[in-house]
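Below: data_12.cif (mmCIF, C-alpha atoms)
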data_entry
#
loop_
_atom_site.label_atom_id
_atom_site.label_comp_id
_atom_site.auth_asym_id
_atom_site.auth_seq_id
_atom_site.Cartn_x
_atom_site.Cartn_y
_atom_site.Cartn_z
CA MET A 194 -20.05 -43.38 10.07
CA GLN A 195 -19.76 -42.38 13.70
CA GLY A 196 -16.35 -40.77 13.31
CA VAL A 197 -17.57 -38.50 10.51
CA LEU A 198 -20.65 -37.50 12.51
CA LYS A 199 -18.50 -36.56 15.51
CA ALA A 200 -16.18 -34.49 13.35
CA HIS A 201 -19.11 -32.66 11.73
CA GLN A 202 -20.69 -32.01 15.15
CA LEU A 203 -17.46 -30.52 16.46
CA ALA A 204 -17.18 -28.30 13.38
CA ARG A 205 -20.72 -27.00 13.91
CA VAL A 206 -19.97 -26.24 17.55
CA LEU A 207 -16.85 -24.30 16.60
CA ARG A 208 -18.71 -22.33 13.91
CA ARG A 209 -21.29 -21.26 16.50
CA SER A 210 -18.54 -20.32 18.92
CA SER A 211 -17.91 -16.65 19.66
CA SER A 212 -14.20 -16.98 18.94
CA PRO A 213 -12.88 -16.86 15.35
CA ILE A 214 -9.77 -18.79 16.31
CA LEU A 215 -8.92 -22.17 14.75
CA LEU A 216 -11.66 -22.31 12.10
CA TYR A 217 -8.94 -22.64 9.49
CA SER A 218 -7.42 -25.53 11.44
CA VAL A 219 -10.81 -27.26 11.63
CA SER A 220 -11.37 -27.06 7.88
CA ARG A 221 -7.82 -28.22 7.24
CA VAL A 222 -8.22 -31.33 9.39
CA LEU A 223 -11.77 -32.16 8.27
CA SER A 224 -11.06 -31.89 4.55
CA PRO A 225 -9.46 -35.34 4.06
CA CYS A 226 -12.10 -36.93 6.29
CA ILE A 227 -14.98 -35.47 4.28
CA LEU A 228 -13.35 -36.36 1.00
CA GLU A 229 -12.94 -39.93 2.12
CA ASP A 230 -16.61 -40.01 3.13
CA ILE A 231 -17.73 -38.68 -0.25
CA HIS A 232 -15.43 -41.00 -2.11
CA SER A 233 -16.71 -44.00 -0.16
CA SER A 234 -20.36 -43.10 -0.74
CA SER A 235 -19.94 -42.60 -4.48
CA GLN A 236 -18.06 -45.87 -4.65
CA TRP A 237 -20.96 -47.76 -3.07
CA ARG A 238 -23.47 -46.01 -5.38
CA GLY A 239 -21.39 -47.10 -8.34
CA TYR A 240 -21.51 -50.72 -7.23
CA PHE A 241 -25.30 -50.84 -7.00
CA ASN A 242 -26.17 -48.61 -9.99
CA SER A 243 -24.34 -50.86 -12.34
CA GLY A 244 -26.91 -53.58 -11.75
CA THR A 245 -24.32 -56.13 -10.67
CA ILE A 246 -22.43 -56.35 -7.41
CA TYR A 247 -18.72 -56.38 -8.13
CA GLY A 248 -15.91 -57.36 -5.93
CA ASN A 249 -15.84 -59.28 -2.76
CA TYR A 250 -18.12 -58.36 0.15
CA MET A 251 -15.32 -58.89 2.66
CA LYS A 252 -13.06 -56.57 0.70
CA LYS A 253 -15.68 -53.83 0.75
CA GLU A 254 -16.21 -54.38 4.45
CA CYS A 255 -12.49 -53.91 5.07
CA ASN A 256 -12.48 -50.69 3.04
CA LEU A 257 -15.39 -49.39 5.09
CA GLN A 258 -13.63 -50.18 8.36
CA ARG A 259 -10.46 -48.49 7.09
CA ASN A 260 -12.42 -45.32 6.25
CA VAL A 261 -13.98 -45.33 9.71
CA CYS A 262 -10.53 -45.61 11.26
CA ARG A 263 -9.34 -42.67 9.21
CA CYS A 264 -12.27 -40.58 10.40
CA GLN A 265 -11.52 -41.52 14.00
CA LYS A 266 -7.93 -40.46 13.43
CA CYS A 267 -9.19 -37.15 12.04
CA SER A 268 -11.16 -36.61 15.22
CA VAL A 269 -8.04 -37.21 17.30
CA MET A 270 -6.05 -34.87 15.05
CA LEU A 271 -8.75 -32.23 15.37
CA ARG A 272 -8.69 -32.34 19.16
CA ALA A 273 -4.90 -32.19 19.17
CA SER A 274 -4.88 -29.31 16.71
CA PHE A 275 -7.45 -27.46 18.81
CA SER A 276 -5.46 -27.80 22.01
CA THR A 277 -2.01 -26.98 20.59
CA GLU A 278 -2.91 -24.19 18.15
CA ALA A 279 -5.34 -22.54 20.53
CA GLY A 280 -2.58 -22.13 23.07
CA THR A 281 -0.27 -20.60 20.45
CA VAL A 282 -2.82 -18.15 18.98
CA GLU A 283 -4.40 -17.14 22.28
CA SER A 284 -1.02 -16.50 23.86
CA SER A 285 -0.06 -14.10 21.04
CA VAL A 286 -3.18 -11.97 21.51
CA THR A 287 -2.56 -8.96 23.74
CA GLU A 288 -4.32 -9.38 27.08
CA SER A 289 -5.92 -5.92 27.03
CA VAL A 290 -7.23 -6.51 23.50
CA LYS A 291 -8.72 -9.89 24.49
CA GLU A 292 -10.42 -8.35 27.54
CA LEU A 293 -11.96 -5.55 25.48
CA TYR A 294 -12.98 -8.00 22.77
CA ASP A 295 -14.74 -10.20 25.33
CA LYS A 296 -16.49 -7.23 26.94
CA ILE A 297 -17.84 -5.97 23.62
CA LEU A 298 -18.83 -9.48 22.58
CA LYS A 299 -20.68 -10.08 25.83
CA SER A 300 -22.53 -6.79 25.46
CA VAL A 301 -23.59 -7.56 21.90
CA VAL A 302 -24.33 -11.29 22.13
CA ASP A 303 -25.47 -11.87 25.72
CA GLN A 304 -26.83 -8.53 26.88
CA ARG A 305 -27.95 -7.38 23.42
CA SER A 306 -27.03 -3.81 24.24
CA ALA A 307 -24.75 -1.34 22.49
CA PRO A 308 -21.28 -1.28 24.09
CA PRO A 309 -19.69 2.08 24.95
CA ASN A 310 -17.79 3.61 22.04
CA ALA A 311 -14.76 4.01 24.28
CA TRP A 312 -14.30 0.23 24.37
CA LEU A 313 -13.90 0.01 20.60
CA TRP A 314 -11.55 3.00 20.48
CA SER A 315 -9.45 1.45 23.26
CA LEU A 316 -9.33 -1.87 21.44
CA ILE A 317 -8.10 -0.15 18.28
CA GLN A 318 -5.40 1.75 20.13
CA SER A 319 -4.29 -1.36 22.03
CA CYS A 320 -3.63 -3.49 18.95
CA ALA A 321 -0.01 -4.61 19.04
CA ASN A 322 0.21 -7.53 16.60
CA ARG A 323 -1.50 -9.33 13.73
CA GLU A 324 -3.72 -11.46 15.99
CA ASP A 325 -5.01 -8.32 17.73
CA ALA A 326 -5.96 -6.88 14.33
CA ASN A 327 -7.79 -10.10 13.45
CA LEU A 328 -9.88 -9.82 16.62
CA LEU A 329 -10.55 -6.16 15.82
CA PHE A 330 -12.00 -6.99 12.42
CA ASP A 331 -14.01 -9.86 13.85
CA ILE A 332 -15.66 -7.57 16.40
CA LEU A 333 -16.23 -4.92 13.72
CA GLN A 334 -18.21 -7.42 11.68
CA ARG A 335 -20.25 -8.43 14.73
CA LEU A 336 -20.91 -4.80 15.64
CA ARG A 337 -22.01 -4.12 12.08
CA ILE A 338 -24.58 -6.93 12.25
CA PHE A 339 -25.76 -5.80 15.70
CA ARG A 340 -26.19 -2.19 14.58
CA LEU A 341 -28.26 -3.28 11.61
CA SER A 342 -30.45 -5.91 13.26
CA ASN A 343 -30.93 -4.50 16.76
CA LEU A 344 -30.40 -0.75 16.47
CA ARG A 345 -31.55 -0.30 12.86
CA ILE A 346 -28.45 1.82 12.18
CA HIS A 347 -27.55 1.57 8.51
CA GLU A 348 -24.72 4.13 8.53
CA ASN A 349 -21.13 2.98 8.53
CA PHE A 350 -18.62 3.84 11.23
CA ASN A 351 -17.38 7.42 10.89
CA CYS A 352 -14.22 8.41 9.02
CA ALA A 353 -12.25 9.27 12.16
CA LEU A 354 -12.72 5.76 13.55
CA CYS A 355 -11.86 4.18 10.20
CA GLN A 356 -8.63 6.15 9.96
CA GLU A 357 -7.65 4.94 13.44
CA ILE A 358 -8.33 1.38 12.31
CA THR A 359 -6.05 1.89 9.31
CA LYS A 360 -3.33 3.36 11.54
CA ALA A 361 -3.59 0.32 13.82
CA CYS A 362 -3.25 -2.05 10.85
CA VAL A 363 -0.21 -0.18 9.58
CA ARG A 364 1.30 -0.13 13.06
CA VAL A 365 1.14 -3.92 13.43
CA GLY A 366 2.04 -4.63 9.78
CA ALA A 367 -1.40 -5.97 8.80
CA VAL A 368 -1.56 -3.95 5.59
CA ASP A 369 -3.90 -6.44 3.91
CA LEU A 370 -6.47 -5.72 6.62
CA GLY A 371 -5.83 -2.01 6.32
CA LYS A 372 -6.68 -2.12 2.62
CA LYS A 373 -10.14 -3.42 3.52
CA VAL A 374 -10.90 -0.03 5.04
CA LEU A 375 -10.84 1.37 1.50
CA TRP A 376 -13.60 -0.95 0.30
CA LYS A 377 -16.87 0.77 -0.51
CA HIS A 378 -18.82 -2.43 0.20
CA SER A 379 -17.72 -4.68 3.05
CA VAL A 380 -19.12 -6.62 6.01
CA TYR A 381 -17.28 -4.42 8.49
CA GLY A 382 -19.31 -1.23 8.22
CA LEU A 383 -16.25 0.89 7.43
CA THR A 384 -16.28 4.22 5.61
CA PRO A 385 -13.59 4.42 2.92
CA ASN A 386 -11.82 7.79 2.85
CA ILE A 387 -8.68 9.25 1.37
CA GLY A 388 -7.20 9.81 4.85
CA SER A 389 -7.03 6.05 5.36
CA ALA A 390 -5.38 5.69 1.96
CA HIS A 391 -2.74 8.23 3.04
CA HIS A 392 -1.77 6.12 6.06
CA LEU A 393 -1.25 3.13 3.77
CA LEU A 394 0.67 5.21 1.24
CA LEU A 395 2.99 6.46 3.98
CA PHE A 396 3.68 2.84 4.88
CA ALA A 397 4.51 2.17 1.21
CA LYS A 398 6.81 5.21 1.21
CA GLN A 399 8.60 4.02 4.33
CA HIS A 400 9.31 0.66 2.68
CA ASN A 401 9.76 1.93 -0.91
CA ASP A 402 6.99 -0.45 -1.91
CA VAL A 403 5.88 0.41 -5.44
CA LYS A 404 3.61 -2.62 -5.68
CA LEU A 405 1.69 -1.53 -2.60
CA LEU A 406 1.47 2.02 -4.00
CA VAL A 407 -0.16 0.72 -7.18
CA GLU A 408 -2.58 -1.48 -5.22
CA ILE A 409 -3.67 1.40 -3.00
CA MET A 410 -4.14 3.78 -5.91
CA ASN A 411 -6.22 1.15 -7.72
CA LEU A 412 -8.42 0.81 -4.62
CA VAL A 413 -8.74 4.59 -4.43
CA LYS A 414 -9.96 4.69 -8.03
CA LYS A 415 -12.21 1.64 -7.74
CA ASN A 416 -13.96 2.97 -4.62
CA ASP A 417 -14.34 6.53 -5.96
CA LEU A 418 -12.26 8.22 -3.27
CA ILE A 419 -11.55 11.89 -3.86
CA LEU A 420 -7.89 12.63 -4.48
CA GLN A 421 -6.24 15.39 -2.47
CA PRO A 422 -3.03 17.38 -2.91
CA GLY A 423 -1.52 15.39 -0.06
CA THR A 424 -2.07 12.23 -2.09
CA ALA A 425 0.12 13.57 -4.88
CA ASP A 426 2.81 14.59 -2.39
CA ILE A 427 3.15 11.04 -1.07
CA VAL A 428 2.80 9.33 -4.47
CA PHE A 429 5.39 11.59 -6.13
CA SER A 430 7.76 11.06 -3.23
CA ILE A 431 7.55 7.26 -3.54
CA CYS A 432 8.08 7.42 -7.31
CA SER A 433 11.11 9.68 -6.86
CA GLN A 434 12.63 7.49 -4.14
CA THR A 435 12.22 4.38 -6.28
CA ASP A 436 13.37 6.15 -9.45
CA ASN A 437 10.16 5.32 -11.33
CA TRP A 438 9.65 8.03 -13.93
CA ASP A 439 6.88 6.28 -15.86
CA LEU A 440 4.79 5.87 -12.71
CA ILE A 441 5.15 9.50 -11.59
CA CYS A 442 4.03 10.64 -15.06
CA LYS A 443 1.08 8.24 -14.98
CA TYR A 444 -0.21 9.52 -11.67
CA GLY A 445 0.73 13.11 -12.48
CA LYS A 446 -1.57 13.02 -15.50
CA ARG A 447 -4.29 11.45 -13.37
CA PHE A 448 -4.03 14.20 -10.76
CA VAL A 449 -4.08 16.96 -13.36
CA LYS A 450 -7.00 15.39 -15.20
CA ALA A 451 -8.93 15.27 -11.91
CA GLY A 452 -8.50 19.06 -11.67
CA MET A 453 -6.30 18.89 -8.58
CA LYS A 454 -4.23 21.91 -7.63
CA LEU A 455 -0.89 20.36 -6.83
CA ARG A 456 1.21 21.78 -4.03
CA LYS A 457 4.56 23.45 -4.59
CA THR A 458 6.29 20.44 -3.07
CA SER A 459 4.65 18.13 -5.61
CA PHE A 460 5.76 20.31 -8.51
CA ASP A 461 9.28 20.47 -7.07
CA THR A 462 9.54 16.67 -6.89
CA TRP A 463 8.09 16.19 -10.38
CA MET A 464 10.24 18.86 -12.04
CA GLU A 465 13.43 17.82 -10.26
CA PHE A 466 12.85 14.26 -11.47
CA ALA A 467 12.33 15.48 -15.04
CA SER A 468 15.52 17.57 -14.96
CA LYS A 469 17.46 14.67 -13.43
CA ILE A 470 16.66 12.36 -16.34
CA GLY A 471 16.94 15.15 -18.91
CA ASP A 472 13.35 14.99 -20.22
CA VAL A 473 12.96 18.65 -21.14
CA ASP A 474 9.73 18.14 -23.07
CA ALA A 475 8.03 16.82 -19.95
CA LEU A 476 9.74 19.49 -17.84
CA TRP A 477 8.27 22.38 -19.83
CA LYS A 478 4.81 20.79 -19.82
CA ILE A 479 4.96 20.49 -16.03
CA GLU A 480 6.23 24.07 -15.79
CA LYS A 481 3.26 25.27 -17.84
CA ILE A 482 0.85 23.56 -15.45
CA ARG A 483 2.75 24.92 -12.44
CA SER A 484 2.74 28.51 -13.72
CA GLU A 485 -1.05 28.39 -14.01
CA ILE A 486 -1.40 27.43 -10.35
CA VAL A 487 1.65 28.95 -8.65
CA LYS A 488 3.02 32.28 -9.81
CA GLU A 489 6.39 32.36 -8.08
CA HIS A 490 9.15 29.81 -8.40
CA THR A 491 10.36 27.77 -5.49
CA LEU A 492 14.01 26.86 -5.16
CA GLY A 493 13.33 23.39 -6.57
CA SER A 494 11.22 24.45 -9.55
CA GLY A 495 13.48 27.39 -10.41
CA LEU A 496 16.70 25.36 -10.47
CA SER A 497 14.92 22.64 -12.46
CA CYS A 498 14.04 25.24 -15.11
CA ALA A 499 17.66 26.43 -15.11
CA LYS A 500 18.76 22.85 -15.81
CA GLY A 501 16.22 22.63 -18.61
CA PHE A 502 17.60 25.78 -20.21
CA LEU A 503 21.12 24.34 -20.03
CA ILE A 504 20.00 21.17 -21.81
CA ASP A 505 18.28 23.36 -24.42
CA HIS A 506 21.56 25.21 -24.98
CA LYS A 507 20.32 28.48 -23.42
CA PRO A 508 22.85 29.42 -20.70
CA GLU A 509 21.73 33.06 -20.52
CA ASP A 510 18.15 32.04 -19.71
CA ALA A 511 19.46 29.65 -17.06
CA ALA A 512 21.47 32.47 -15.50
CA ALA A 513 18.41 34.76 -15.54
CA VAL A 514 16.33 32.22 -13.59
CA ILE A 515 19.09 31.71 -11.02
CA HIS A 516 19.54 35.48 -10.66
CA LEU A 517 15.82 35.87 -10.00
CA LEU A 518 15.99 33.16 -7.35
CA ASN A 519 18.97 34.87 -5.75
CA GLN A 520 16.92 38.05 -5.38
CA THR A 521 13.84 36.40 -3.91
CA VAL A 522 15.30 33.64 -1.72
CA PRO A 523 14.92 34.46 2.00
CA ASP A 524 18.03 34.73 4.15
CA SER A 525 17.02 31.63 6.08
CA ARG A 526 17.33 29.56 2.88
CA ARG A 527 20.33 31.27 1.30
CA GLN A 528 22.78 28.66 2.50
CA LYS A 529 20.63 25.91 0.99
CA PHE A 530 20.35 27.90 -2.23
CA MET A 531 24.13 28.10 -2.56
CA ALA A 532 24.51 24.39 -1.80
CA GLU A 533 21.95 23.47 -4.47
CA LEU A 534 23.69 25.76 -6.96
CA GLN A 535 26.96 23.99 -6.30
CA LYS A 536 25.25 20.65 -6.94
CA LEU A 537 23.82 21.97 -10.21
CA VAL A 538 27.31 22.72 -11.47
CA ALA A 539 29.26 19.83 -9.96
CA ASP A 540 26.88 16.85 -9.59
CA TRP A 541 23.86 17.24 -11.85
CA PRO A 542 25.74 17.17 -15.22
CA LEU A 543 27.21 13.75 -14.45
CA GLU A 544 23.81 12.42 -13.36
CA VAL A 545 21.89 13.61 -16.40
CA ILE A 546 24.55 12.48 -18.89
CA LYS A 547 24.66 8.96 -17.44
CA ARG A 548 20.92 8.64 -17.94
CA GLN A 549 21.03 9.39 -21.67
CA LYS A 550 21.20 6.87 -24.46
CA ASP A 551 24.66 6.19 -25.86
CA GLU A 552 24.23 8.29 -28.99
CA ARG A 553 22.99 11.26 -26.95
CA ARG A 554 25.64 11.25 -24.20
CA LYS A 555 28.51 12.78 -26.16
CA GLU A 556 26.33 15.55 -27.57
CA LEU A 557 24.90 16.52 -24.17
CA ALA A 558 28.32 16.38 -22.50
CA ALA A 559 29.71 18.80 -25.08
CA THR A 560 26.70 21.12 -24.67
CA LEU A 561 26.99 21.27 -20.88
CA GLN A 562 30.77 21.59 -21.05
CA HIS A 563 30.29 24.77 -23.07
CA ASP A 564 27.13 26.19 -21.49
CA ILE A 565 27.81 25.81 -17.76
CA PRO A 566 30.86 28.14 -17.85
CA ALA A 567 28.80 30.53 -20.00
CA MET A 568 26.05 30.50 -17.36
CA LEU A 569 28.57 31.14 -14.58
CA SER A 570 30.05 34.02 -16.55
CA ALA A 571 26.59 35.55 -17.01
CA LEU A 572 25.89 35.17 -13.27
CA SER A 573 29.20 36.87 -12.49
CA ASN A 574 28.20 39.82 -14.64
CA MET A 575 24.95 39.97 -12.64
CA GLY A 576 26.91 40.13 -9.39
CA LEU A 577 26.61 36.47 -8.31
CA LYS A 578 30.03 34.86 -8.20
CA LEU A 579 30.52 31.14 -7.58
CA ASP A 580 33.83 29.48 -6.81
CA VAL A 581 33.21 26.27 -8.73
CA ASN A 582 35.54 24.21 -10.88
CA VAL A 583 33.81 22.81 -13.97
CA GLU A 584 35.12 19.37 -14.86
CA ASP A 585 35.85 18.32 -18.43
CA LEU A 586 32.71 16.29 -18.97
CA THR A 587 33.74 15.13 -22.43
CA ARG A 588 36.73 13.24 -20.97
CA ARG A 589 35.31 12.03 -17.68
CA GLU A 590 35.75 8.24 -17.33
CA GLY A 591 32.51 6.26 -17.26
CA ILE A 592 30.43 9.09 -18.79
CA LEU A 593 30.80 8.24 -22.45
CA SER A 594 31.42 4.52 -22.09
#
Please lay out the structure from this file as structure tokens.
Amino acid sequence: MQGVLKAHQLARVLRRSSSPILLYSVSRVLSPCILEDIHSSSQWRGYFNSGTIYGNYMKKECNLQRNVCRCQKCSVMLRASFSTEAGTVESSVTESVKELYDKILKSVVDQRSAPPNAWLWSLIQSCANREDANLLFDILQRLRIFRLSNLRIHENFNCALCQEITKACVRVGAVDLGKKVLWKHSVYGLTPNIGSAHHLLLFAKQHNDVKLLVEIMNLVKKNDLILQPGTADIVFSICSQTDNWDLICKYGKRFVKAGMKLRKTSFDTWMEFASKIGDVDALWKIEKIRSEIVKEHTLGSGLSCAKGFLIDHKPEDAAAVIHLLNQTVPDSRRQKFMAELQKLVADWPLEVIKRQKDERRKELAATLQHDIPAMLSALSNMGLKLDVNVEDLTRREGILS
């Protein structure tokens, strides 16, 4: 049928075109046309294979003409789709990105010469929206093919360039494209590295996106990327912000098993989370790992241990830890130290009690009600006096209900 042939010819022309735009539209419009063509052909084969011609010849002739009309309509729809959608997509591409894309494409396709590296770097830095990022990945694929076939360069693009590509994807919100940078095997010639993963993790942190965090960490594992202490910092921060204790423990075990030396900030976040939910067993396990890597307490880890001692009904040990912190804290952080100590006495007990199961709440409230004043008394004997009123936790509304 002439209409089908025209539609197929137009599709072939578009596939050979240098622009990636509208291929989806072409396939969307052609699909019903091609299906009708296949259906019609199989229908005719069925009539003749059966050995007897069924139906009326005029009826079949009308069906054939109707199919041809549909194909002609598809051709009209295709031209209309091309003209309207092309204007929309092209107009949303940044002019500077389109100019750089065309220059690189001309160099690779027409001149068959390697374009200056500065053009690609400029294109990456000029990306301002999703369509720009699509053009970037299209030219990356073309450059990859050119480097292999014409220059015999089998190496991927370097890590610095790949990190800039990830930053561009994050900047324009094309995170799905950014995740492709982490693939070990791809058509884009990209080098997966943990630095690119960090840019994506920071995006997940900014949006409190736990699902994206899990996806990125799965890609990191699948593509054998080497974890770094900075990875744990970002992951722990996301888990803490989203109040996901199970996830922080999962990744904490993974980091420790990989032999990573966590930073003080990572231990602070992990231990503060453990003390906030009252999981002293996990707290002391984390403290054991911390003590093997870091000798001195930070403000966060020290106060977390003090909270653990209070839960364990050891107010004197809690006071000893706080007294040690008081002696070692620098003057520049003394005001923060006092503020955190006030929170330990006034805010933390309510938080940790609310997170306990019903049968455990009353017991813990009674323990803290007795042990916090005992800790303050011990601190006073050590020369550290705090002007703090301890509430009656056993009668506080909402705590035991």
Next on the checklist: Using the chain letters and numbers from this file, what does the PyMOL selection byres ((chain A and resi 328-341) around 9) select? Give the answer as a ChimeraX atom specification.
Outcome noted: /A:212-214,286,290-291,294,297-298,301-302,305-307,313,316-317,320,323-327,342-350,358,370,380-383
Checklist entry - Which residues come within 9 Å of stretch 487-494 of chain A, counting all atoms listed in the file, excluding same-chain residues fewer than 4 positions away, as a ChimeraX atom specification? => result /A:456-458,460-465,480,482-483,498-499,518,522,530,533
Next on the checklist: I need the residue nearest A:Leu543 from this list: A:Cys352, A:Val428, A:Ile470, A:Leu394. Use all atoms listed in the file for the distance.
Outcome noted: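 Of all the options, A:Ile470 lies closest to A:Leu543.
When all atoms listed in the file are used to compute distances to A:Ala475, the closest of the residues A:Asp439, A:Glu544, A:Asp510, A:Glu357 turns out to be A:Asp439.
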Checklist entry - Could you name the residues that touch A:Phe466 at 12 Å or less, counting all atoms listed in the file, but leaving out those on the same chain fewer than 6 positions away, as a ChimeraX atom specification? => result /A:429-442,459-460,472-473,475-476,479,493-494,496-498,500-501,541,544-545,548
Next on the checklist: To test your reading of the syntax: which residues would the PyMOL selection byres ((chain A and resi 563) around 12) return for the file shown? Reply as an MDAnalysis selection string.
Outcome noted: chainID A and resid 503:504 506:508 542 556:562 564:570 583:587
